[in-house]
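The structure file data-v2.txt is reproduced below (compact mmCIF, C-alpha atoms).
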# COMPACT_ATOMS: atom_id res chain seq x y z
CA MET S 1 8.57 -10.33 -13.05
CA HIS S 2 9.91 -6.81 -12.97
CA GLU S 3 12.55 -7.47 -15.62
CA LEU S 4 10.40 -6.22 -18.49
CA SER S 5 9.75 -2.91 -16.79
CA LEU S 6 13.49 -2.58 -16.19
CA ALA S 7 14.19 -3.46 -19.84
CA MET S 8 11.93 -0.59 -20.85
CA ASP S 9 13.86 1.70 -18.51
CA VAL S 10 17.03 0.70 -20.38
CA ILE S 11 15.45 1.70 -23.70
CA GLY S 12 14.47 5.09 -22.25
CA LEU S 13 17.91 5.65 -20.76
CA VAL S 14 19.74 4.68 -23.97
CA GLN S 15 17.47 6.79 -26.19
CA ARG S 16 18.11 9.84 -24.03
CA GLU S 17 21.86 9.34 -23.94
CA ALA S 18 21.94 8.68 -27.69
CA VAL S 19 20.16 11.96 -28.41
CA LYS S 20 22.61 13.80 -26.15
CA ASN S 21 25.49 12.26 -28.08
CA GLY S 22 23.94 12.81 -31.51
CA VAL S 23 23.79 9.09 -32.21
CA SER S 24 21.08 7.48 -34.31
CA ARG S 25 21.79 3.78 -33.98
CA ILE S 26 23.39 1.54 -31.39
CA GLU S 27 25.19 -1.60 -32.45
CA GLU S 28 26.07 -3.03 -29.08
CA ILE S 29 25.17 -2.49 -25.47
CA LEU S 30 27.02 -3.70 -22.37
CA ILE S 31 25.01 -4.23 -19.19
CA GLU S 32 26.28 -5.35 -15.79
CA ILE S 33 24.00 -7.49 -13.65
CA GLY S 34 25.11 -8.44 -10.17
CA ASP S 35 24.14 -11.88 -8.88
CA LEU S 36 22.63 -10.21 -5.80
CA SER S 37 20.87 -7.38 -7.65
CA GLY S 38 17.41 -8.98 -7.64
CA VAL S 39 17.38 -8.99 -11.44
CA GLU S 40 17.43 -12.32 -13.26
CA ALA S 41 19.78 -12.04 -16.24
CA ASP S 42 18.11 -15.02 -17.95
CA ILE S 43 14.77 -13.23 -17.87
CA PHE S 44 16.11 -9.74 -18.42
CA GLU S 45 17.97 -10.47 -21.66
CA PRO S 46 15.00 -11.85 -23.66
CA ALA S 47 12.84 -9.08 -22.20
CA LEU S 48 15.28 -6.47 -23.47
CA ARG S 49 15.51 -8.17 -26.86
CA MET S 50 11.73 -8.00 -27.11
CA VAL S 51 11.40 -4.30 -26.30
CA MET S 52 14.37 -3.26 -28.49
CA LYS S 53 12.27 -3.76 -31.61
CA ASP S 54 11.55 -0.50 -33.46
CA THR S 55 13.92 1.45 -31.24
CA ILE S 56 17.41 2.82 -31.62
CA LEU S 57 18.63 -0.51 -30.23
CA GLU S 58 16.98 -2.69 -32.85
CA ASN S 59 19.27 -5.62 -33.72
CA ALA S 60 21.94 -4.44 -31.29
CA VAL S 61 24.17 -7.05 -29.69
CA ILE S 62 23.41 -7.38 -25.98
CA LYS S 63 26.43 -8.14 -23.84
CA ILE S 64 25.75 -9.00 -20.25
CA ASP S 65 28.47 -9.06 -17.65
CA ARG S 66 27.47 -11.05 -14.57
CA ILE S 67 29.07 -9.76 -11.39
CA PRO S 68 29.49 -12.40 -8.68
CA GLY S 69 28.47 -11.42 -5.17
CA LYS S 70 31.06 -10.57 -2.57
CA GLY S 71 30.74 -9.72 1.08
CA ARG S 72 33.05 -8.36 3.75
CA CYS S 73 32.66 -9.77 7.23
CA ASP S 74 31.82 -7.14 9.86
CA SER S 75 33.85 -9.02 12.39
CA CYS S 76 37.07 -10.32 10.79
CA ASN S 77 37.03 -8.15 7.66
CA LEU S 78 37.50 -11.14 5.36
CA GLU S 79 36.18 -10.60 1.85
CA PHE S 80 34.51 -13.71 0.50
CA GLU S 81 32.26 -14.87 -2.33
CA MET S 82 28.54 -14.65 -1.57
CA LYS S 83 26.17 -16.68 -3.68
CA THR S 84 23.14 -15.73 -1.60
CA PHE S 85 22.36 -13.26 1.19
CA PHE S 86 22.49 -16.22 3.57
CA ASP S 87 26.15 -17.12 3.07
CA PRO S 88 28.01 -16.75 6.37
CA CYS S 89 31.61 -15.63 6.65
CA PRO S 90 33.66 -18.80 6.02
CA HIS S 91 36.08 -17.80 8.77
CA CYS S 92 33.86 -16.82 11.72
CA GLN S 93 30.47 -18.11 10.49
CA ARG S 94 28.75 -14.78 11.17
CA PHE S 95 25.97 -13.58 8.91
CA THR S 96 26.52 -9.88 9.36
CA SER S 97 28.53 -9.10 6.28
CA GLU S 98 28.43 -6.01 4.16
CA ILE S 99 27.78 -6.75 0.50
CA THR S 100 30.65 -5.23 -1.45
CA ARG S 101 29.87 -6.52 -4.95
CA GLY S 102 27.00 -8.12 -6.79
CA ARG S 103 24.24 -5.53 -6.44
CA GLU S 104 25.19 -3.75 -9.68
CA PHE S 105 22.56 -3.25 -12.34
CA ARG S 106 23.70 -0.72 -14.88
CA VAL S 107 24.34 0.16 -18.47
CA VAL S 108 28.12 0.28 -18.75
CA SER S 109 28.54 1.42 -22.33
CA MET S 110 27.13 1.39 -25.82
CA VAL S 111 28.82 1.16 -29.22
CA THR S 112 27.44 3.32 -32.00
CA ALA S 113 26.82 1.89 -35.44
CA MET K 114 2.78 -3.48 -24.19
CA CYS K 115 2.63 -3.55 -20.45
CA GLU K 116 5.71 -2.03 -18.92
CA THR K 117 5.81 -4.81 -16.40
CA CYS K 118 4.58 -8.16 -17.57
CA GLY K 119 4.33 -7.72 -21.31
CA CYS K 120 0.75 -8.93 -21.40
CA GLY K 121 -1.07 -5.64 -21.18
CA ASN K 122 -0.58 -1.99 -21.81
CA PRO K 123 0.99 0.81 -19.72
CA ASP K 124 -2.23 2.72 -20.38
CA GLU K 125 -3.86 0.23 -18.05
CA VAL K 126 -2.50 2.06 -15.02
CA ASN K 127 -5.45 3.94 -13.62
CA ILE K 128 -5.61 6.24 -10.66
CA HIS K 129 -9.01 6.94 -9.21
CA LYS K 130 -10.75 8.24 -6.19
CA PRO K 131 -13.50 6.06 -4.76
CA GLY K 132 -16.96 7.23 -5.78
CA TYR K 133 -15.74 9.16 -8.83
CA ASP K 134 -15.89 8.02 -12.39
CA HIS K 135 -12.44 6.88 -13.13
CA ASP K 136 -10.37 9.04 -15.32
CA HIS K 137 -7.27 8.08 -17.06
CA GLU K 138 -3.82 9.48 -16.87
CA HIS K 139 -0.53 8.27 -17.96
CA PRO K 140 2.81 9.86 -17.25
CA ASP K 141 4.75 11.52 -20.03
CA GLU K 142 5.85 8.95 -22.51
CA ASN K 143 9.48 9.00 -23.34
CA SER K 144 9.75 10.65 -26.68
CA HIS K 145 10.72 7.93 -29.02
CA GLU K 146 13.49 9.18 -31.18
CA GLN K 147 13.18 7.50 -34.52
CA ALA K 148 16.37 5.86 -35.61
CA TYR K 149 16.80 7.57 -38.95
CA SER K 150 17.42 5.46 -41.95
CA HIS K 151 19.35 6.93 -44.79
CA GLU K 152 18.56 6.03 -48.31
CA HIS K 153 20.72 6.55 -51.29
CA GLU K 154 19.90 5.74 -54.82
CA HIS K 155 22.36 5.36 -57.58
CA GLU K 156 21.80 4.41 -61.14
CA HIS K 157 23.79 1.60 -62.61
CA ASP K 158 23.48 1.84 -66.36
CA GLY K 159 24.78 -1.56 -67.08
CA HIS K 160 28.20 -0.80 -65.69
CA TRP K 161 29.87 -2.07 -62.59
CA HIS K 162 31.83 0.02 -60.20
CA THR K 163 32.91 0.08 -56.63
CA HIS K 164 32.52 3.17 -54.62
CA PRO K 165 33.95 4.03 -51.26
CA HIS K 166 31.29 4.08 -48.61
CA GLU K 167 32.21 6.37 -45.79
CA HIS K 168 30.81 5.61 -42.36
CA ALA K 169 31.50 7.52 -39.23
CA PRO K 170 33.90 5.51 -37.10
CA LYS K 171 32.29 3.41 -34.40
CA LYS K 172 32.39 5.02 -31.04
CA VAL K 173 32.14 3.57 -27.55
CA ILE K 174 30.07 5.76 -25.26
CA ASN K 175 30.71 5.00 -21.60
CA LEU K 176 27.62 5.48 -19.48
CA ASN K 177 28.01 3.59 -16.20
CA MET K 178 24.40 4.45 -15.40
CA ASP K 179 22.28 2.69 -12.82
CA ILE K 180 19.15 1.36 -14.52
CA LEU K 181 17.04 1.94 -11.41
CA SER K 182 18.22 5.56 -11.31
CA GLU K 183 15.09 6.78 -13.09
CA ASN K 184 12.83 5.31 -10.40
CA ASN K 185 15.24 6.37 -7.66
CA ARG K 186 15.30 9.95 -8.91
CA MET K 187 11.52 10.15 -8.77
CA ALA K 188 11.53 8.46 -5.34
CA GLU K 189 13.89 11.17 -4.08
CA TRP K 190 11.56 13.79 -5.50
CA ASN K 191 8.65 12.22 -3.59
CA ARG K 192 10.81 12.01 -0.46
CA GLY K 193 11.68 15.70 -0.70
CA TYR K 194 8.00 16.54 -1.07
CA PHE K 195 7.16 14.50 2.05
CA GLU K 196 10.01 16.05 4.05
CA GLY K 197 8.95 19.55 3.04
CA LYS K 198 5.39 18.96 4.17
CA LYS K 199 6.39 16.92 7.24
CA ILE K 200 4.44 13.94 5.97
CA ILE K 201 5.67 10.57 7.14
CA CYS K 202 5.23 7.92 4.49
CA PHE K 203 5.09 4.16 5.08
CA ASN K 204 5.24 1.60 2.26
CA LEU K 205 3.31 -1.53 3.25
CA VAL K 206 4.44 -4.64 1.39
CA SER K 207 3.36 -8.28 1.69
CA SER K 208 1.92 -11.29 -0.11
CA PRO K 209 -1.73 -11.01 -1.16
CA GLY K 210 -4.06 -11.72 1.76
CA SER K 211 -1.66 -11.02 4.64
CA GLY K 212 -4.07 -8.48 6.12
CA LYS K 213 -2.56 -5.11 5.13
CA THR K 214 -5.94 -3.52 4.50
CA SER K 215 -7.42 -4.90 7.73
CA ILE K 216 -4.48 -3.50 9.72
CA LEU K 217 -4.98 -0.13 8.03
CA GLU K 218 -8.73 -0.11 8.70
CA GLN K 219 -8.18 -0.74 12.42
CA THR K 220 -5.35 1.81 12.55
CA ILE K 221 -7.47 4.49 10.91
CA ARG K 222 -10.46 3.86 13.18
CA ASN K 223 -8.22 4.18 16.23
CA LEU K 224 -6.09 7.15 15.24
CA VAL K 225 -8.09 9.26 12.82
CA SER K 226 -9.58 11.47 15.53
CA SER K 227 -6.09 12.61 16.57
CA TYR K 228 -4.00 12.31 13.40
CA LYS K 229 -4.39 13.16 9.73
CA ILE K 230 -4.13 9.90 7.77
CA PHE K 231 -4.07 9.42 3.99
CA VAL K 232 -3.77 6.20 1.97
CA ILE K 233 -2.58 5.35 -1.53
CA GLU K 234 -3.85 1.90 -2.50
CA GLY K 235 -2.19 -0.28 -5.13
CA ASP K 236 -3.96 -3.26 -6.71
CA GLN K 237 -4.19 -4.73 -10.16
CA GLN K 238 -7.94 -4.16 -10.35
CA THR K 239 -10.91 -2.68 -8.46
CA THR K 240 -11.30 0.10 -5.92
CA ARG K 241 -12.38 -2.32 -3.18
CA ASP K 242 -9.48 -1.48 -0.87
CA ALA K 243 -9.77 2.29 -1.32
CA ASP K 244 -13.52 1.96 -0.63
CA ARG K 245 -12.77 0.07 2.61
CA ILE K 246 -10.22 2.70 3.67
CA GLU K 247 -12.62 5.59 3.02
CA LYS K 248 -15.32 3.79 4.96
CA ALA K 249 -12.86 3.49 7.86
CA GLY K 250 -12.46 7.26 7.75
CA ALA K 251 -9.37 8.28 5.77
CA PRO K 252 -9.12 9.83 2.31
CA ALA K 253 -7.77 7.28 -0.16
CA ILE K 254 -6.78 7.08 -3.77
CA GLN K 255 -6.58 3.86 -5.73
CA ILE K 256 -3.88 3.04 -8.26
CA ASN K 257 -4.81 0.14 -10.51
CA THR K 258 -1.69 -1.21 -12.11
CA GLY K 259 -3.52 -3.27 -14.76
CA SER K 260 -1.25 -6.23 -15.33
CA GLY K 261 1.59 -4.57 -13.38
CA CYS K 262 2.98 -6.31 -10.33
CA HIS K 263 4.33 -3.38 -8.28
CA LEU K 264 3.98 0.33 -7.66
CA ASP K 265 6.79 2.59 -8.81
CA ALA K 266 7.80 6.08 -7.75
CA ASN K 267 6.24 7.65 -10.81
CA MET K 268 2.80 6.21 -10.01
CA ILE K 269 3.05 7.66 -6.50
CA HIS K 270 4.02 11.02 -7.96
CA SER K 271 0.94 10.97 -10.21
CA ALA K 272 -1.28 9.93 -7.28
CA LEU K 273 0.05 12.88 -5.24
CA HIS K 274 -1.22 15.18 -7.99
CA LYS K 275 -4.69 13.71 -7.53
CA MET K 276 -4.91 13.65 -3.76
CA GLU K 277 -3.74 16.59 -1.67
CA VAL K 278 -1.96 15.05 1.33
CA GLU K 279 -2.04 17.59 4.15
CA ASN K 280 1.03 18.81 6.03
CA ASN K 281 2.00 16.95 9.20
CA SER K 282 0.10 13.82 8.24
CA ILE K 283 0.67 10.08 8.02
CA LEU K 284 0.60 8.59 4.52
CA PHE K 285 0.33 4.85 4.00
CA ILE K 286 1.06 3.32 0.62
CA GLU K 287 -0.42 -0.15 0.38
CA ASN K 288 1.65 -1.83 -2.31
CA VAL K 289 0.45 -4.57 -4.68
CA GLY K 290 0.48 -7.92 -2.84
CA ASN K 291 3.73 -9.46 -4.03
CA LEU K 292 6.90 -10.32 -2.12
CA VAL K 293 9.19 -10.10 -5.15
CA CYS K 294 8.94 -7.06 -7.40
CA PRO K 295 8.05 -4.26 -4.94
CA ALA K 296 11.35 -4.94 -3.11
CA LEU K 297 13.33 -3.24 -5.84
CA PHE K 298 11.30 -0.06 -6.18
CA ASP K 299 11.85 2.78 -3.74
CA LEU K 300 8.71 4.93 -3.63
CA GLY K 301 10.16 7.69 -1.47
CA GLU K 302 8.88 6.22 1.79
CA LYS K 303 10.47 6.86 5.17
CA LYS K 304 9.98 3.28 6.31
CA ARG K 305 9.08 0.01 4.67
CA VAL K 306 6.68 -2.16 6.66
CA LEU K 307 6.53 -5.83 5.72
CA VAL K 308 3.44 -7.77 6.78
CA ILE K 309 3.63 -11.55 7.06
CA SER K 310 0.72 -13.63 8.27
CA VAL K 311 1.18 -16.86 10.20
CA THR K 312 -0.74 -18.86 7.59
CA GLU K 313 2.02 -18.20 5.06
CA GLY K 314 4.83 -20.26 6.60
CA ASP K 315 7.86 -19.30 8.65
CA ASP K 316 10.32 -19.90 5.78
CA LYS K 317 9.40 -16.71 3.91
CA PRO K 318 12.74 -14.96 4.62
CA LEU K 319 14.58 -17.83 2.94
CA LYS K 320 12.33 -17.65 -0.09
CA TYR K 321 12.03 -13.87 -0.45
CA PRO K 322 15.25 -12.43 0.99
CA TYR K 323 15.21 -9.15 -0.94
CA MET K 324 12.00 -8.04 0.71
CA PHE K 325 13.20 -8.93 4.21
CA LYS K 326 16.50 -7.21 3.58
CA SER K 327 14.86 -3.94 2.53
CA ALA K 328 12.24 -3.68 5.32
CA HIS K 329 12.42 -1.67 8.56
CA LEU K 330 9.58 -3.36 10.41
CA CYS K 331 8.10 -6.83 10.07
CA ILE K 332 4.54 -7.22 11.32
CA ILE K 333 3.55 -10.81 12.02
CA ASN K 334 -0.22 -10.78 11.58
CA LYS K 335 -3.04 -13.25 12.37
CA THR K 336 -1.37 -14.40 15.59
CA ASP K 337 -4.83 -15.57 16.75
CA LEU K 338 -4.37 -18.46 14.29
CA LEU K 339 -1.01 -19.59 15.73
CA PRO K 340 -2.53 -22.57 17.61
CA TYR K 341 -3.83 -23.98 14.31
CA VAL K 342 -0.78 -23.64 12.06
CA ASP K 343 2.83 -24.91 12.01
CA PHE K 344 4.32 -21.45 12.14
CA LYS K 345 7.25 -20.87 14.49
CA VAL K 346 7.66 -17.17 15.18
CA GLU K 347 11.26 -17.71 16.33
CA THR K 348 12.17 -19.52 13.10
CA LEU K 349 10.95 -16.60 11.01
CA MET K 350 12.66 -14.03 13.22
CA ASN K 351 15.99 -15.86 13.23
CA SER K 352 16.26 -16.20 9.49
CA ALA K 353 15.02 -12.64 8.93
CA ARG K 354 17.64 -11.30 11.37
CA GLN K 355 20.40 -13.11 9.50
CA LEU K 356 19.47 -11.01 6.49
CA ASN K 357 18.68 -7.82 8.28
CA PRO K 358 19.92 -7.50 11.87
CA GLU K 359 18.19 -4.11 12.30
CA LEU K 360 14.73 -5.43 11.41
CA GLU K 361 12.11 -4.81 14.11
CA PHE K 362 9.17 -7.16 14.74
CA ILE K 363 5.64 -6.70 16.04
CA GLN K 364 3.23 -9.60 16.50
CA LEU K 365 -0.44 -8.77 16.27
CA SER K 366 -3.88 -9.81 15.19
CA ALA K 367 -5.84 -7.19 13.30
CA LYS K 368 -8.93 -9.33 13.91
CA THR K 369 -8.80 -9.58 17.70
CA GLY K 370 -6.83 -6.36 18.27
CA GLU K 371 -4.12 -8.13 20.24
CA GLY K 372 -0.75 -6.44 19.73
CA MET K 373 -2.25 -3.46 17.87
CA ASP K 374 -1.18 -1.07 20.65
CA GLU K 375 2.44 -1.97 20.08
CA TRP K 376 2.00 -1.14 16.40
CA TYR K 377 0.39 2.20 17.21
CA SER K 378 3.28 3.04 19.55
CA TRP K 379 5.84 2.20 16.87
CA LEU K 380 3.89 4.21 14.32
CA LEU K 381 3.48 7.27 16.51
CA ARG K 382 7.10 7.15 17.69
CA SER K 383 8.18 7.21 14.04
CA PHE K 384 5.74 10.05 13.39
CA GLU K 385 6.98 12.14 16.32
CA ASP K 386 10.64 11.55 15.38
CA HIS K 387 9.84 12.71 11.88
CA GLN K 388 8.00 15.82 13.10
CA ASN K 389 10.99 16.75 15.25
CA LEU K 390 13.43 16.60 12.36
CA LYS K 391 14.82 20.00 11.61
Please lay out the structure from this file as structure tokens.
Amino acid sequence: MHELSLAMDVIGLVQREAVKNGVSRIEEILIEIGDLSGVEADIFEPALRMVMKDTILENAVIKIDRIPGKGRCDSCNLEFEMKTFFDPCPHCQRFTSEITRGREFRVVSMVTA
Amino acid sequence: MCETCGCGNPDEVNIHKPGYDHDHEHPDENSHEQAYSHEHEHEHDGHWHTHPHEHAPKKVINLNMDILSENNRMAEWNRGYFEGKKIICFNLVSSPGSGKTSILEQTIRNLVSSYKIFVIEGDQQTTRDADRIEKAGAPAIQINTGSGCHLDANMIHSALHKMEVENNSILFIENVGNLVCPALFDLGEKKRVLVISVTEGDDKPLKYPYMFKSAHLCIINKTDLLPYVDFKVETLMNSARQLNPELEFIQLSAKTGEGMDEWYSWLLRSFEDHQNLK
């Protein structure tokens, strides 16, 4: 259950960026969470909502963009959808694929009030 | 509120040396900028009017910032500190009860006469592990995470301010026993050592893939119990290799000492390689 600690990191990051930009309130925040990032969006979102209280993000709309996992096979170079780390290449059945998408966990943007 | 589980308080993180009264330190809090509220009063003496209400136009600020970047930045700082002082740092991760502390005790007893060894211990409560390590002969510092479930790079940074780790030494960080959360937090280590014991089941890579994916070495401990449990070493190795083809394995028993020499060789090879880095 590391999602709450990560939610608090988001608050810190947003507060710092808001100060840099001379912004006093955020109305909306867009966060990308990859399906292979190790962060559970269903746990992260309520955690973030909880720690937003009494911060610059209070009452902000949280938008979460889920990024599906993708891998590229080391052998045949095929790019394919990966739901878990254990998905083999559908063409050659090898497990040694490089993950090309789905490990994202970042604040994409915020909308000022 | 606890920065990890929500059931405690970040102030619960304590760092103490065995035998000393514990003192209490917490890293700089982020300054909380107050969202300012503006108030405006206007009298309405019985009349009605509309008035234009100017607001600054909404603005989209693009950030594209990695949320783990804060931890990663501090981990890089720790890594730079270790490189500068030629300290090799190992992050030991596992479930609770896999035998991390026992492996460290044996390792210290065997190597402390020839190598400088330091240990940072992470547990929710007590200094029991740091006490055991000091008894075995290495200086140790205990981080108590309170209700927290993992160590982060900032806690290691604070611990390094409390314990002077000498140049050209080996530093072990014994993480909180947990196969989930510590996987995501780089501490600045050179290598991550995952300890699995044969009483835990050979399906651990399927259940906790992030940890297996991020490790450099997998120690399979308590091999003296293999005759009594349904643990197939090959099954564990095969599924772990699917995730992480580079992962190395060492089978040992910290209790009987079997296989410990292979671990010492791996350890000292890593140490020598690190010393020879320009």
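Closest to Lys63 in chain S among S:Glu45, S:Glu98, S:Asp87, S:Asp35 is S:Glu45, based on all atoms listed in the file.
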Quiz prompt | Long-range neighbours of Asp42 in chain S as a PyMOL selection string, 12 Å cut-off, all atoms listed in the file, 5 positions minimum in chain | solution = chain S and resi 1+3-4+33+35+47-49+64-66
Could you produce a table of the residues of chain S lying within 8 Å of chain K, with the nearest pair of atoms per residue and their separation in Å rounded to one decimal, using only C-alpha atoms, ordered by chain and increasing residue number, as JSON lines?
{"residue": "S:Met1", "atom": "CA", "partner": "K:Cys118", "partner_atom": "CA", "distance": 6.4}
{"residue": "S:His2", "atom": "CA", "partner": "K:Cys294", "partner_atom": "CA", "distance": 5.7}
{"residue": "S:Glu3", "atom": "CA", "partner": "K:Thr117", "partner_atom": "CA", "distance": 7.3}
{"residue": "S:Leu4", "atom": "CA", "partner": "K:Thr117", "partner_atom": "CA", "distance": 5.2}
{"residue": "S:Ser5", "atom": "CA", "partner": "K:Thr117", "partner_atom": "CA", "distance": 4.4}
{"residue": "S:Leu6", "atom": "CA", "partner": "K:Ile180", "partner_atom": "CA", "distance": 7.1}
{"residue": "S:Met8", "atom": "CA", "partner": "K:Glu116", "partner_atom": "CA", "distance": 6.7}
{"residue": "S:Asp9", "atom": "CA", "partner": "K:Ile180", "partner_atom": "CA", "distance": 6.6}
{"residue": "S:Val10", "atom": "CA", "partner": "K:Ile180", "partner_atom": "CA", "distance": 6.3}
{"residue": "S:Gly12", "atom": "CA", "partner": "K:Asn143", "partner_atom": "CA", "distance": 6.4}
{"residue": "S:Leu13", "atom": "CA", "partner": "K:Ile180", "partner_atom": "CA", "distance": 7.7}
{"residue": "S:Gln15", "atom": "CA", "partner": "K:Glu146", "partner_atom": "CA", "distance": 6.8}
{"residue": "S:Val19", "atom": "CA", "partner": "K:Glu146", "partner_atom": "CA", "distance": 7.7}
{"residue": "S:Ser24", "atom": "CA", "partner": "K:Ala148", "partner_atom": "CA", "distance": 5.1}
{"residue": "S:Arg25", "atom": "CA", "partner": "K:Ala148", "partner_atom": "CA", "distance": 6.0}
{"residue": "S:Gly38", "atom": "CA", "partner": "K:Tyr323", "partner_atom": "CA", "distance": 7.1}
{"residue": "S:Thr55", "atom": "CA", "partner": "K:Ala148", "partner_atom": "CA", "distance": 6.7}
{"residue": "S:Ile56", "atom": "CA", "partner": "K:Ala148", "partner_atom": "CA", "distance": 5.1}
{"residue": "S:Phe85", "atom": "CA", "partner": "K:Leu356", "partner_atom": "CA", "distance": 6.4}
{"residue": "S:Phe86", "atom": "CA", "partner": "K:Leu356", "partner_atom": "CA", "distance": 6.7}
{"residue": "S:Phe95", "atom": "CA", "partner": "K:Gln355", "partner_atom": "CA", "distance": 5.6}
{"residue": "S:Thr96", "atom": "CA", "partner": "K:Gln355", "partner_atom": "CA", "distance": 6.9}
{"residue": "S:Glu104", "atom": "CA", "partner": "K:Asp179", "partner_atom": "CA", "distance": 7.7}
{"residue": "S:Phe105", "atom": "CA", "partner": "K:Asp179", "partner_atom": "CA", "distance": 6.0}
{"residue": "S:Arg106", "atom": "CA", "partner": "K:Asp179", "partner_atom": "CA", "distance": 4.2}
{"residue": "S:Val107", "atom": "CA", "partner": "K:Met178", "partner_atom": "CA", "distance": 5.3}
{"residue": "S:Val108", "atom": "CA", "partner": "K:Asn177", "partner_atom": "CA", "distance": 4.2}
{"residue": "S:Ser109", "atom": "CA", "partner": "K:Asn175", "partner_atom": "CA", "distance": 4.2}
{"residue": "S:Met110", "atom": "CA", "partner": "K:Ile174", "partner_atom": "CA", "distance": 5.3}
{"residue": "S:Val111", "atom": "CA", "partner": "K:Val173", "partner_atom": "CA", "distance": 4.4}
{"residue": "S:Thr112", "atom": "CA", "partner": "K:Lys172", "partner_atom": "CA", "distance": 5.3}
{"residue": "S:Ala113", "atom": "CA", "partner": "K:Lys171", "partner_atom": "CA", "distance": 5.8}
Quiz item: What is the distance between CA of Lys130 in chain K and CA of Asp236 in chain K, in Å to one decimal?
Solution: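 Between these atoms lies a distance of 13.4 Å.
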Quiz item: By how many Å are CA of Tyr377 in chain K and CA of Thr220 in chain K apart?
Solution: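 Pair CA of Tyr377 in chain K / CA of Thr220 in chain K returns 7.4 Å.
Picture a line from CA of Cys76 in chain S to CA of His91 in chain S; it runs 7.8 Å.
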Practice problem: Find the residue from K:Gly301, K:Gly370, K:Gly250, K:Gly235 that sits nearest to Thr336 in chain K; use all atoms listed in the file when measuring. | Solution: K:Gly370
Self-check item: Close residues, Lys335 in chain K itself excluded, 10 Å, all atoms listed in the file, min 2 positions apart in chain, as a ChimeraX atom specification
Solution: /K:211-212,309-312,332-333,337-339,364-371
With C-alpha atoms retained, export the selected residues as a compact mmCIF listing (two decimals), in the frame of the given file.
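Generated output (again23.txt):
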# COMPACT_ATOMS: atom_id res chain seq x y z
CA SER K 211 -1.66 -11.02 4.64
CA GLY K 212 -4.07 -8.48 6.12
CA ILE K 309 3.63 -11.55 7.06
CA SER K 310 0.72 -13.63 8.27
CA VAL K 311 1.18 -16.86 10.20
CA THR K 312 -0.74 -18.86 7.59
CA ILE K 332 4.54 -7.22 11.32
CA ILE K 333 3.55 -10.81 12.02
CA ASP K 337 -4.83 -15.57 16.75
CA LEU K 338 -4.37 -18.46 14.29
CA LEU K 339 -1.01 -19.59 15.73
CA GLN K 364 3.23 -9.60 16.50
CA LEU K 365 -0.44 -8.77 16.27
CA SER K 366 -3.88 -9.81 15.19
CA ALA K 367 -5.84 -7.19 13.30
CA LYS K 368 -8.93 -9.33 13.91
CA THR K 369 -8.80 -9.58 17.70
CA GLY K 370 -6.83 -6.36 18.27
CA GLU K 371 -4.12 -8.13 20.24
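Closest to Ile11 in chain S among S:Glu32, S:Glu58, S:Glu81, S:Glu40 is S:Glu58, based on only C-alpha atoms.
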Self-check item: Counting only C-alpha atoms, the option among S:Ile67, S:Ile29, S:Leu36, S:Met52 closest to Lys83 in chain S
Solution: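 Selected residue with least distance to Lys83 in chain S: S:Leu36.
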Exercise. For Asn281 in chain K, please output as a PyMOL selection string all residues within 10 Å (counting only C-alpha atoms; exclusion window: fewer than 5 positions along the same chain).
Key: chain K and resi 195-201+228-230+384-385+387-388
Exercise. Can you work out which one of K:His129, K:Lys275, K:Arg245, K:His270 has the shortest atom-to-atom distance to Trp190 in chain K, counting only C-alpha atoms?
Key: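 Of the candidates, the smallest distance to Trp190 in chain K is held by K:His270.
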Quiz item: Using all atoms listed in the file, which of S:Leu57, S:Arg16, S:Phe44, S:Thr100 sits nearest Arg72 in chain S?
Solution: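 Distance minimum relative to Arg72 in chain S lands on S:Thr100.
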